[in-house]
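Asker: File final_35.cif follows (mmCIF, C-alpha atoms and all ligand atoms):
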data_coords
#
loop_
_atom_site.label_atom_id
_atom_site.label_comp_id
_atom_site.auth_asym_id
_atom_site.auth_seq_id
_atom_site.Cartn_x
_atom_site.Cartn_y
_atom_site.Cartn_z
CA MET A 1 3.45 9.45 -32.71
CA ALA A 2 3.85 7.11 -29.79
CA ARG A 3 7.35 6.25 -28.67
CA LEU A 4 8.09 2.81 -27.24
CA MET A 5 10.59 2.48 -24.40
CA ASN A 6 12.39 -0.25 -22.56
CA LEU A 7 12.93 0.57 -18.90
CA VAL A 8 14.50 -1.02 -15.85
CA LEU A 9 12.49 -0.75 -12.62
CA ASN A 10 13.85 -1.20 -9.10
CA VAL A 11 10.67 -1.82 -7.13
CA TRP A 12 10.31 -2.20 -3.37
CA ARG A 13 8.68 -5.58 -2.67
CA GLN A 14 7.43 -6.40 0.82
CA LYS A 15 4.85 -9.07 1.66
CA ASN A 16 3.33 -7.32 4.69
CA LYS A 17 4.12 -4.71 7.33
CA SER A 18 6.27 -7.02 9.45
CA ALA A 19 8.14 -8.80 6.62
CA ALA A 20 11.56 -7.60 5.51
CA GLY A 21 11.39 -5.88 2.14
CA ALA A 22 13.90 -5.54 -0.68
CA PHE A 23 14.27 -3.93 -4.08
CA VAL A 24 13.57 -6.25 -7.02
CA ARG A 25 14.71 -5.46 -10.54
CA TYR A 26 12.24 -5.77 -13.43
CA GLU A 27 12.46 -5.05 -17.12
CA ALA A 28 9.52 -3.08 -18.48
CA LYS A 29 9.59 -3.57 -22.25
CA GLY A 30 7.64 -1.82 -25.00
CA ILE A 31 6.20 0.90 -22.74
CA ASN A 32 4.15 3.41 -24.72
CA ASP A 33 5.01 6.99 -23.78
CA HIS A 34 1.30 7.91 -23.79
CA MET A 35 0.77 5.65 -20.76
CA SER A 36 0.47 6.97 -17.25
CA PHE A 37 2.90 5.72 -14.61
CA LEU A 38 0.20 3.46 -13.12
CA GLU A 39 -0.64 2.07 -16.57
CA MET A 40 3.05 1.24 -16.97
CA LEU A 41 2.86 -0.66 -13.65
CA ASP A 42 -0.31 -2.40 -14.92
CA VAL A 43 1.64 -3.65 -17.95
CA VAL A 44 4.46 -4.91 -15.71
CA ASN A 45 1.86 -6.63 -13.51
CA GLU A 46 0.23 -8.33 -16.51
CA GLY A 47 3.63 -9.83 -17.34
CA LEU A 48 4.19 -10.93 -13.72
CA SER A 49 0.74 -12.54 -13.53
CA ALA A 50 1.31 -14.32 -16.85
CA ARG A 51 4.50 -15.81 -15.40
CA GLY A 52 2.67 -16.89 -12.23
CA GLU A 53 4.46 -14.27 -10.09
CA GLU A 54 2.84 -11.93 -7.56
CA PRO A 55 1.89 -8.59 -9.14
CA ILE A 56 3.25 -5.40 -7.55
CA ALA A 57 0.70 -4.02 -5.07
CA PHE A 58 0.00 -0.28 -5.23
CA ASP A 59 -2.91 1.84 -4.09
CA HIS A 60 -5.10 3.87 -6.46
CA ASP A 61 -8.70 4.82 -7.00
CA CYS A 62 -9.62 7.77 -9.23
CA ARG A 63 -6.53 7.80 -11.49
CA GLU A 64 -7.31 11.43 -12.19
CA GLY A 65 -5.46 13.29 -9.45
CA ILE A 66 -8.36 13.60 -7.02
CA CYS A 67 -8.34 10.85 -4.39
CA GLY A 68 -4.69 10.96 -3.23
CA ALA A 69 -4.39 7.18 -2.94
CA CYS A 70 -1.58 6.64 -5.45
CA GLY A 71 1.28 8.34 -3.59
CA MET A 72 4.67 6.65 -3.89
CA VAL A 73 8.28 7.75 -4.15
CA ILE A 74 9.74 7.70 -7.68
CA ASN A 75 13.48 8.19 -8.06
CA GLY A 76 13.56 9.63 -4.54
CA VAL A 77 10.82 12.20 -5.22
CA PRO A 78 7.30 11.89 -3.76
CA HIS A 79 4.86 11.49 -6.71
CA GLY A 80 7.78 11.55 -9.15
CA PRO A 81 9.57 14.10 -11.31
CA ALA A 82 6.67 16.22 -12.65
CA LYS A 83 5.78 19.34 -10.65
CA SER A 84 2.28 19.53 -9.11
CA THR A 85 1.40 16.09 -10.49
CA THR A 86 0.15 12.97 -8.71
CA THR A 87 1.62 9.58 -9.60
CA CYS A 88 -1.49 8.61 -11.58
CA GLN A 89 -1.20 11.76 -13.68
CA LEU A 90 2.50 11.29 -14.32
CA HIS A 91 3.09 10.37 -17.95
CA MET A 92 5.72 8.06 -19.31
CA ARG A 93 6.69 10.66 -21.93
CA LEU A 94 8.77 12.25 -19.15
CA PHE A 95 11.04 9.21 -19.18
CA ASN A 96 13.52 8.07 -21.79
CA ASP A 97 14.28 4.74 -23.37
CA GLY A 98 16.79 2.87 -21.18
CA ASP A 99 15.95 4.82 -17.99
CA GLU A 100 16.29 3.06 -14.66
CA ILE A 101 13.49 4.01 -12.23
CA THR A 102 13.43 3.36 -8.48
CA ILE A 103 9.95 3.01 -6.97
CA GLU A 104 9.32 2.96 -3.21
CA PRO A 105 6.37 3.36 -0.85
CA TRP A 106 6.02 6.26 1.65
CA ARG A 107 8.68 5.56 4.28
CA ALA A 108 7.34 7.39 7.37
CA ALA A 109 6.51 5.22 10.38
CA ALA A 110 3.11 6.90 10.39
CA PHE A 111 2.23 4.97 7.23
CA PRO A 112 3.34 1.33 7.55
CA VAL A 113 3.65 -0.75 4.39
CA VAL A 114 0.63 -2.99 3.80
CA ARG A 115 2.28 -4.60 0.80
CA ASP A 116 4.92 -3.44 -1.71
CA LEU A 117 4.06 0.20 -2.61
CA PHE A 118 0.74 0.22 -0.75
CA VAL A 119 0.81 1.93 2.66
CA ASP A 120 -1.72 2.13 5.48
CA ARG A 121 -2.96 5.76 5.72
CA THR A 122 -5.33 5.03 8.62
CA ARG A 123 -3.71 7.70 10.76
CA LEU A 124 -4.57 10.37 8.20
CA PHE A 125 -8.22 9.27 8.12
CA ASN A 126 -8.33 9.06 11.93
CA GLY A 127 -7.27 12.71 11.88
CA LEU A 128 -10.21 13.56 9.61
CA LYS A 129 -12.53 11.69 12.01
CA LYS A 130 -11.05 13.56 14.94
CA ILE A 131 -11.91 16.95 13.46
CA LYS A 132 -15.19 15.68 11.96
CA GLY A 133 -13.88 16.51 8.49
CA TRP A 134 -17.09 16.05 6.54
CA VAL A 135 -20.31 17.89 5.81
CA PRO A 136 -22.76 16.41 8.34
CA VAL A 137 -25.90 16.70 6.22
CA ASP A 138 -25.21 13.95 3.66
CA GLY A 139 -28.14 11.59 3.16
CA TYR A 140 -31.02 10.74 0.85
CA HIS A 141 -33.70 12.65 2.73
CA ASN A 142 -34.71 16.18 1.82
CA ALA A 143 -32.89 18.30 4.38
CA GLY A 144 -34.15 21.55 2.87
CA PRO A 145 -31.93 24.31 1.57
CA GLY A 146 -28.50 24.65 3.16
CA PRO A 147 -27.03 27.95 4.23
CA ARG A 148 -26.02 30.22 1.37
CA GLN A 149 -22.38 30.69 0.57
CA SER A 150 -21.17 34.06 -0.59
CA GLN A 151 -18.69 34.28 -3.47
CA GLU A 152 -16.16 35.59 -1.01
CA GLN A 153 -16.63 32.51 1.19
CA GLN A 154 -16.29 30.24 -1.85
CA GLN A 155 -13.06 31.95 -2.86
CA THR A 156 -11.67 31.59 0.66
CA ILE A 157 -12.60 27.92 0.89
CA TYR A 158 -11.62 26.75 -2.61
CA PRO A 159 -7.80 26.71 -2.20
CA ILE A 160 -8.13 24.64 1.00
CA THR A 161 -10.36 22.09 -0.76
CA GLU A 162 -7.47 21.34 -3.11
CA CYS A 163 -5.88 18.97 -0.57
CA ILE A 164 -6.37 15.41 -1.87
CA SER A 165 -5.24 13.62 1.33
CA CYS A 166 -2.27 12.02 -0.40
CA ALA A 167 -0.27 12.23 2.86
CA CYS A 168 2.88 13.50 1.11
CA CYS A 169 3.24 16.47 3.48
CA LEU A 170 2.71 14.19 6.49
CA GLU A 171 5.29 11.74 5.14
CA ALA A 172 7.84 14.56 5.31
CA CYS A 173 6.79 15.94 8.72
CA PRO A 174 9.12 14.86 11.55
CA GLN A 175 6.59 15.76 14.24
CA TYR A 176 3.84 13.70 12.63
CA SER A 177 6.02 10.62 12.30
CA LYS A 178 6.89 10.42 15.99
CA ILE A 179 4.18 7.94 17.00
CA GLU A 180 5.34 4.38 16.50
CA LEU A 181 3.65 1.63 18.52
CA ALA A 182 4.97 -1.88 19.01
CA ARG A 183 2.48 -4.67 19.39
CA ARG A 184 2.16 -6.02 22.96
CA GLU A 185 2.39 -9.71 23.63
CA GLY A 186 -1.01 -11.38 23.35
CA GLU A 187 -2.69 -8.23 21.99
CA THR A 188 -5.45 -8.95 19.44
CA ASP A 189 -5.73 -7.08 16.13
CA GLU A 190 -8.73 -5.14 17.51
CA GLN A 191 -6.92 -4.17 20.71
CA PHE A 192 -3.83 -3.06 18.79
CA GLU A 193 -5.92 -1.01 16.36
CA ALA A 194 -7.83 0.64 19.24
CA ARG A 195 -4.59 1.51 21.08
CA LYS A 196 -3.12 2.86 17.84
CA ARG A 197 -6.15 5.01 17.16
CA ALA A 198 -6.08 6.43 20.69
CA ALA A 199 -2.37 7.30 20.33
CA HIS A 200 -3.02 8.96 16.95
CA GLU A 201 -5.86 10.96 18.40
CA ARG A 202 -3.63 12.31 21.14
CA GLY A 203 -0.85 13.13 18.64
CA PHE A 204 -0.23 16.05 16.29
CA VAL A 205 -2.77 15.95 13.43
CA GLY A 206 -0.40 17.45 10.85
CA ALA A 207 -0.68 20.09 8.14
CA ALA A 208 -3.26 18.39 5.89
CA ILE A 209 -5.73 17.90 8.73
CA ILE A 210 -5.29 21.44 10.03
CA ALA A 211 -6.09 22.69 6.51
CA GLN A 212 -9.23 20.53 6.42
CA THR A 213 -10.29 21.86 9.82
CA MET A 214 -10.10 25.38 8.41
CA ARG A 215 -12.06 24.26 5.36
CA PHE A 216 -14.98 22.88 7.37
CA ASN A 217 -15.01 25.83 9.74
CA TYR A 218 -15.14 28.36 6.91
CA ASP A 219 -17.89 26.43 5.14
CA PRO A 220 -21.36 27.39 6.39
CA THR A 221 -22.68 23.91 5.50
CA GLY A 222 -19.84 22.27 7.42
CA LYS A 223 -20.84 24.19 10.53
CA LEU A 224 -24.30 22.60 10.57
CA LYS A 225 -25.10 20.05 13.27
CA ARG A 226 -21.55 19.87 14.62
CA THR A 227 -21.64 18.13 17.95
CA ILE A 228 -17.97 18.65 18.82
CA PRO A 229 -16.13 21.86 17.94
CA ALA A 230 -13.33 21.31 15.47
CA VAL A 231 -9.74 21.97 16.49
CA ILE A 232 -9.62 25.50 15.11
CA ASP A 233 -12.83 26.41 17.00
CA VAL A 234 -11.17 25.25 20.18
CA ILE A 235 -8.05 27.28 19.42
CA HIS A 236 -10.16 30.39 18.69
CA GLU A 237 -12.17 29.83 21.83
CA ARG A 238 -8.99 29.65 23.93
CA ARG A 239 -7.65 32.81 22.31
CA GLN A 240 -10.87 34.67 23.03
CA ASN A 241 -11.21 33.26 26.58
CA PRO A 242 -7.65 32.58 27.74
S1 LIG B 301 -1.66 19.14 1.82
FE1 LIG B 301 -0.56 17.20 2.12
S2 LIG B 301 -2.12 15.60 1.94
FE2 LIG B 301 -2.99 17.49 1.06
S3 LIG B 301 -2.50 17.34 -1.14
FE3 LIG B 301 -0.84 18.52 -0.20
S4 LIG B 301 0.74 16.99 0.29
FE4 LIG B 301 -1.18 15.85 -0.11
S1 LIG B 302 -5.34 7.46 -8.04
FE1 LIG B 302 -6.49 9.14 -7.19
S2 LIG B 302 -5.03 10.76 -7.10
FE2 LIG B 302 -3.96 9.15 -8.07
#
What is this structure when it is put down as structure tokens?
Ligand code: SF4
Ligand code: FES
Answerer:
Amino acid sequence: MARLMNLVLNVWRQKNKSAAGAFVRYEAKGINDHMSFLEMLDVVNEGLSARGEEPIAFDHDCREGICGACGMVINGVPHGPAKSTTTCQLHMRLFNDGDEITIEPWRAAAFPVVRDLFVDRTRLFNGLKKIKGWVPVDGYHNAGPGPRQSQEQQQTIYPITECISCACCLEACPQYSKIELARREGETDEQFEARKRAAHERGFVGAAIIAQTMRFNYDPTGKLKRTIPAVIDVIHERRQNP
């Protein structure tokens, strides 16, 4: 039988990346313990909208633990208290009536706050572009049969495909967070974005991107039509031809 809870939330509110943010206290009443954490935030947002207040911004897409968009820090723990569980898969049954919950966005400089709990993960996606982290044969035309994958190859690749690009590991990485650019006077949005992308491309790509590089280099389909060797190819090449 469903349990109903009343909770107190301390939520980080911040209008945009340059505004000062602060924790705001909300009461979340009548929360059903069958809800997911994001559904609980939806209920809080319905109440805020009904009162004419700005809803809490947070990122999400699949809500089934696949896309990695929903990362946030709950009570000081990335993705919250459940082991091996994304925020969208976190269930309210893990909380108790009367609990006070602190909810913050990723804090690393690499992922600036867009609004409230929603951060800009552009640097992560720039890393995937840098290593051409996709299968280059996508399209609607008939490209013919792809190269066959052995079971052994599938078993090697599968664990690396489990990365969902949530950026949690990069959030924690001190080397990844080093790049922090200040906007120059008179610089347009486009110029600032281009300078940022160039700096990210020169920087350390981080653990998640290195794993994806391995994934696309092990995958026989991923090797097709590559125009630039991926990072690991370059490393191997240097080892073989120092
Ligand atoms: S490797 Fe990093 S980005 Fe990928 S799922 Fe794990 S924590 Fe998230
Ligand atoms: S919304 Fe996609 S993993 Fe959580």
Asker: Would you pick out the contacts of Met5 in chain A at 12 Å or less, using all atoms listed in the file, so that residues sharing its chain but fewer than 3 positions from it are not included, and give the list as number ranges by chain?
Answerer: A: 2, 8, 27-35, 40, 92-100
Asker: Neighbouring residues of His79 in chain A were defined as those with any atom within 12 Å, considering only C-alpha atoms; residues of the same chain fewer than 3 positions away were excluded. Please report them as JSON, numbers by chain.
Answerer: {"A": [37, 38, 65, 68, 69, 70, 71, 72, 73, 74, 75, 76, 82, 83, 84, 85, 86, 87, 88, 89, 90, 91, 102, 103, 104, 105, 106, 166, 167, 168, 169, 171]}
Asker: Work out how far apart CA of Met214 in chain A and CA of Ile160 in chain A are and give it in Å to one decimal.
Answerer: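 Those two atoms sit 7.7 Å apart.
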Asker: Please identify all polymer residues within 7 Å of range 111-124 of chain A, counting all atoms listed in the file, omitting same-chain residues fewer than 5 positions from it, and present them as a list in words.
Answerer: Trp12, Arg13, Gln14, Lys15, Asn16, Lys17, Ile56, Ala57, Phe58, Asp59, Met72, Glu104, Pro105, Trp106 and His200 of chain A
Asker: Which polymer residues have any atom within 8 Å of an atom of Ile66 in chain A, counting all atoms listed in the file, with same-chain residues fewer than 3 positions away left out, as a list in words?
Answerer: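 The neighbour list is Cys62, Arg63 and Ile164 of chain A.
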Asker: Considering only C-alpha atoms, return as a list in words whatever protein or nucleic-acid residues lie within 7 Å of Ala110 in chain A, sequence-local ones (same chain, fewer than 6 positions apart) excluded.
Answerer: Arg123, Ser177, Ile179 and Glu180 of chain A
Asker: Could you tell me how far CA of Lys196 in chain A sits from CA of Asp61 in chain A, in Å to one decimal place?
Answerer: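 Result for CA of Asp61 in chain A versus CA of Lys196 in chain A: 25.5 Å, one decimal.
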Asker: Work out where the centre of an axis-aligned box around every listed atom of ligand LIG 302 (chain B) lies and how long its edges are once 6 Å is added on each side; give both in Å to one decimal as lines of an AutoDock Vina configuration file.
Answerer:
center_x = -5.2
center_y = 9.1
center_z = -7.6
size_x = 14.5
size_y = 15.3
size_z = 13.0
Asker: How many Å lie between CA of Gln212 in chain A and CA of Leu170 in chain A, rounded to one decimal?
Answerer: 13.5 Å
Asker: Calculated over only C-alpha atoms and all ligand atoms, which of the candidates A:Glu39, A:Glu54, A:Glu185, A:Glu64 has the smallest distance to ligand LIG 302 (chain B)?
Answerer: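 Closest residue, counting only C-alpha atoms and all ligand atoms: A:Glu64.
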Asker: With distances taken over all atoms listed in the file, which residue among A:Ala108, A:Ala211, A:Cys67, A:Ala198 lies nearest ligand LIG 302 (chain B)?
Answerer: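 Checking each candidate against ligand LIG 302 (chain B), we get A:Cys67 as the closest.
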Asker: Taking all atoms listed in the file into account, name the residue in A:Thr213, A:Ser36, A:Gln155, A:Gln191 that is nearest to ligand LIG 302 (chain B).
Answerer: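 Closest to ligand LIG 302 (chain B), using all atoms listed in the file: A:Ser36.
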Asker: Could you give me, as a compact mmCIF listing (two decimals) with C-alpha atoms, in the frame of the given file, the residues that sit within 6 Å of (-2.5, 13.5, 13.3) in the file's coordinates, counting all atoms listed in the file?
Answerer:
# COMPACT_ATOMS: atom_id res chain seq x y z
CA GLY A 127 -7.27 12.71 11.88
CA HIS A 200 -3.02 8.96 16.95
CA GLY A 203 -0.85 13.13 18.64
CA PHE A 204 -0.23 16.05 16.29
CA VAL A 205 -2.77 15.95 13.43
CA GLY A 206 -0.40 17.45 10.85
Asker: With all atoms listed in the file as the atoms that count, which of A:Ala19, A:Ala207, A:Leu7, A:Ile157 lies nearest to ligand LIG 301 (chain B)?
Answerer: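 Using all atoms listed in the file, ligand LIG 301 (chain B) sits closest to A:Ala207.
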Asker: Can you rebuild range 85-117 of chain A with N, CA and C atoms and give it as a PDB file, in the coordinates of the input?
Answerer:
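Now in rebuild-v9.pdb:
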ATOM      1  N   THR A  85       2.021  17.206  -9.769  1.00  0.00           N
ATOM      2  CA  THR A  85       1.400  16.090 -10.490  1.00  0.00           C
ATOM      3  C   THR A  85       1.389  14.845  -9.616  1.00  0.00           C
ATOM      4  N   THR A  86       0.230  14.222  -9.465  1.00  0.00           N
ATOM      5  CA  THR A  86       0.150  12.970  -8.710  1.00  0.00           C
ATOM      6  C   THR A  86       0.741  11.825  -9.550  1.00  0.00           C
ATOM      7  N   THR A  87       1.026  10.722  -8.878  1.00  0.00           N
ATOM      8  CA  THR A  87       1.620   9.580  -9.600  1.00  0.00           C
ATOM      9  C   THR A  87       0.727   9.109 -10.741  1.00  0.00           C
ATOM     10  N   CYS A  88      -0.585   9.104 -10.525  1.00  0.00           N
ATOM     11  CA  CYS A  88      -1.490   8.610 -11.580  1.00  0.00           C
ATOM     12  C   CYS A  88      -1.547   9.546 -12.788  1.00  0.00           C
ATOM     13  N   GLN A  89      -1.171  10.799 -12.578  1.00  0.00           N
ATOM     14  CA  GLN A  89      -1.200  11.760 -13.680  1.00  0.00           C
ATOM     15  C   GLN A  89       0.178  11.941 -14.336  1.00  0.00           C
ATOM     16  N   LEU A  90       1.136  11.224 -13.788  1.00  0.00           N
ATOM     17  CA  LEU A  90       2.500  11.290 -14.320  1.00  0.00           C
ATOM     18  C   LEU A  90       2.546  10.486 -15.616  1.00  0.00           C
ATOM     19  N   HIS A  91       3.078  11.078 -16.665  1.00  0.00           N
ATOM     20  CA  HIS A  91       3.090  10.370 -17.950  1.00  0.00           C
ATOM     21  C   HIS A  91       4.471   9.842 -18.308  1.00  0.00           C
ATOM     22  N   MET A  92       4.468   8.725 -18.989  1.00  0.00           N
ATOM     23  CA  MET A  92       5.720   8.060 -19.310  1.00  0.00           C
ATOM     24  C   MET A  92       6.542   8.849 -20.331  1.00  0.00           C
ATOM     25  N   ARG A  93       5.926   9.851 -20.979  1.00  0.00           N
ATOM     26  CA  ARG A  93       6.690  10.660 -21.930  1.00  0.00           C
ATOM     27  C   ARG A  93       7.802  11.452 -21.228  1.00  0.00           C
ATOM     28  N   LEU A  94       7.717  11.548 -19.894  1.00  0.00           N
ATOM     29  CA  LEU A  94       8.770  12.250 -19.150  1.00  0.00           C
ATOM     30  C   LEU A  94      10.010  11.387 -18.951  1.00  0.00           C
ATOM     31  N   PHE A  95       9.901  10.128 -19.339  1.00  0.00           N
ATOM     32  CA  PHE A  95      11.040   9.210 -19.180  1.00  0.00           C
ATOM     33  C   PHE A  95      11.626   8.894 -20.545  1.00  0.00           C
ATOM     34  N   ASN A  96      12.837   8.372 -20.529  1.00  0.00           N
ATOM     35  CA  ASN A  96      13.520   8.070 -21.790  1.00  0.00           C
ATOM     36  C   ASN A  96      13.825   6.586 -21.891  1.00  0.00           C
ATOM     37  N   ASP A  97      13.917   6.136 -23.119  1.00  0.00           N
ATOM     38  CA  ASP A  97      14.280   4.740 -23.370  1.00  0.00           C
ATOM     39  C   ASP A  97      15.582   4.410 -22.611  1.00  0.00           C
ATOM     40  N   GLY A  98      15.579   3.290 -21.902  1.00  0.00           N
ATOM     41  CA  GLY A  98      16.790   2.870 -21.180  1.00  0.00           C
ATOM     42  C   GLY A  98      16.859   3.392 -19.755  1.00  0.00           C
ATOM     43  N   ASP A  99      15.913   4.269 -19.358  1.00  0.00           N
ATOM     44  CA  ASP A  99      15.950   4.820 -17.990  1.00  0.00           C
ATOM     45  C   ASP A  99      15.817   3.709 -16.946  1.00  0.00           C
ATOM     46  N   GLU A 100      16.435   3.949 -15.811  1.00  0.00           N
ATOM     47  CA  GLU A 100      16.290   3.060 -14.660  1.00  0.00           C
ATOM     48  C   GLU A 100      15.483   3.848 -13.622  1.00  0.00           C
ATOM     49  N   ILE A 101      14.397   3.269 -13.138  1.00  0.00           N
ATOM     50  CA  ILE A 101      13.490   4.010 -12.230  1.00  0.00           C
ATOM     51  C   ILE A 101      13.377   3.245 -10.910  1.00  0.00           C
ATOM     52  N   THR A 102      13.570   3.969  -9.812  1.00  0.00           N
ATOM     53  CA  THR A 102      13.430   3.360  -8.480  1.00  0.00           C
ATOM     54  C   THR A 102      12.062   3.750  -7.911  1.00  0.00           C
ATOM     55  N   ILE A 103      11.323   2.760  -7.445  1.00  0.00           N
ATOM     56  CA  ILE A 103       9.950   3.010  -6.970  1.00  0.00           C
ATOM     57  C   ILE A 103       9.797   2.452  -5.559  1.00  0.00           C
ATOM     58  N   GLU A 104       9.445   3.352  -4.633  1.00  0.00           N
ATOM     59  CA  GLU A 104       9.320   2.960  -3.210  1.00  0.00           C
ATOM     60  C   GLU A 104       8.002   3.449  -2.637  1.00  0.00           C
ATOM     61  N   PRO A 105       7.559   2.835  -1.530  1.00  0.00           N
ATOM     62  CA  PRO A 105       6.370   3.360  -0.850  1.00  0.00           C
ATOM     63  C   PRO A 105       6.746   4.555   0.026  1.00  0.00           C
ATOM     64  N   TRP A 106       5.735   5.278   0.585  1.00  0.00           N
ATOM     65  CA  TRP A 106       6.020   6.260   1.650  1.00  0.00           C
ATOM     66  C   TRP A 106       6.821   5.524   2.722  1.00  0.00           C
ATOM     67  N   ARG A 107       7.787   6.209   3.323  1.00  0.00           N
ATOM     68  CA  ARG A 107       8.680   5.560   4.280  1.00  0.00           C
ATOM     69  C   ARG A 107       8.406   5.926   5.732  1.00  0.00           C
ATOM     70  N   ALA A 108       7.543   6.938   5.982  1.00  0.00           N
ATOM     71  CA  ALA A 108       7.340   7.390   7.370  1.00  0.00           C
ATOM     72  C   ALA A 108       6.682   6.293   8.196  1.00  0.00           C
ATOM     73  N   ALA A 109       7.091   6.219   9.477  1.00  0.00           N
ATOM     74  CA  ALA A 109       6.510   5.220  10.380  1.00  0.00           C
ATOM     75  C   ALA A 109       5.004   5.415  10.525  1.00  0.00           C
ATOM     76  N   ALA A 110       4.550   6.623  10.279  1.00  0.00           N
ATOM     77  CA  ALA A 110       3.110   6.900  10.390  1.00  0.00           C
ATOM     78  C   ALA A 110       2.297   6.114   9.364  1.00  0.00           C
ATOM     79  N   PHE A 111       2.942   5.679   8.298  1.00  0.00           N
ATOM     80  CA  PHE A 111       2.230   4.970   7.230  1.00  0.00           C
ATOM     81  C   PHE A 111       2.916   3.623   6.939  1.00  0.00           C
ATOM     82  N   PRO A 112       2.654   2.609   7.758  1.00  0.00           N
ATOM     83  CA  PRO A 112       3.340   1.330   7.550  1.00  0.00           C
ATOM     84  C   PRO A 112       2.960   0.666   6.222  1.00  0.00           C
ATOM     85  N   VAL A 113       3.896  -0.068   5.675  1.00  0.00           N
ATOM     86  CA  VAL A 113       3.650  -0.750   4.390  1.00  0.00           C
ATOM     87  C   VAL A 113       2.630  -1.869   4.598  1.00  0.00           C
ATOM     88  N   VAL A 114       1.582  -1.871   3.798  1.00  0.00           N
ATOM     89  CA  VAL A 114       0.630  -2.990   3.800  1.00  0.00           C
ATOM     90  C   VAL A 114       1.198  -4.084   2.908  1.00  0.00           C
ATOM     91  N   ARG A 115       1.634  -3.679   1.735  1.00  0.00           N
ATOM     92  CA  ARG A 115       2.280  -4.600   0.800  1.00  0.00           C
ATOM     93  C   ARG A 115       2.960  -3.770  -0.304  1.00  0.00           C
ATOM     94  N   ASP A 116       4.171  -4.095  -0.634  1.00  0.00           N
ATOM     95  CA  ASP A 116       4.920  -3.440  -1.710  1.00  0.00           C
ATOM     96  C   ASP A 116       4.855  -1.901  -1.622  1.00  0.00           C
ATOM     97  N   LEU A 117       4.103  -1.273  -2.553  1.00  0.00           N
ATOM     98  CA  LEU A 117       4.060   0.200  -2.610  1.00  0.00           C
ATOM     99  C   LEU A 117       2.828   0.753  -1.898  1.00  0.00           C
TER     100      LEU A 117
END
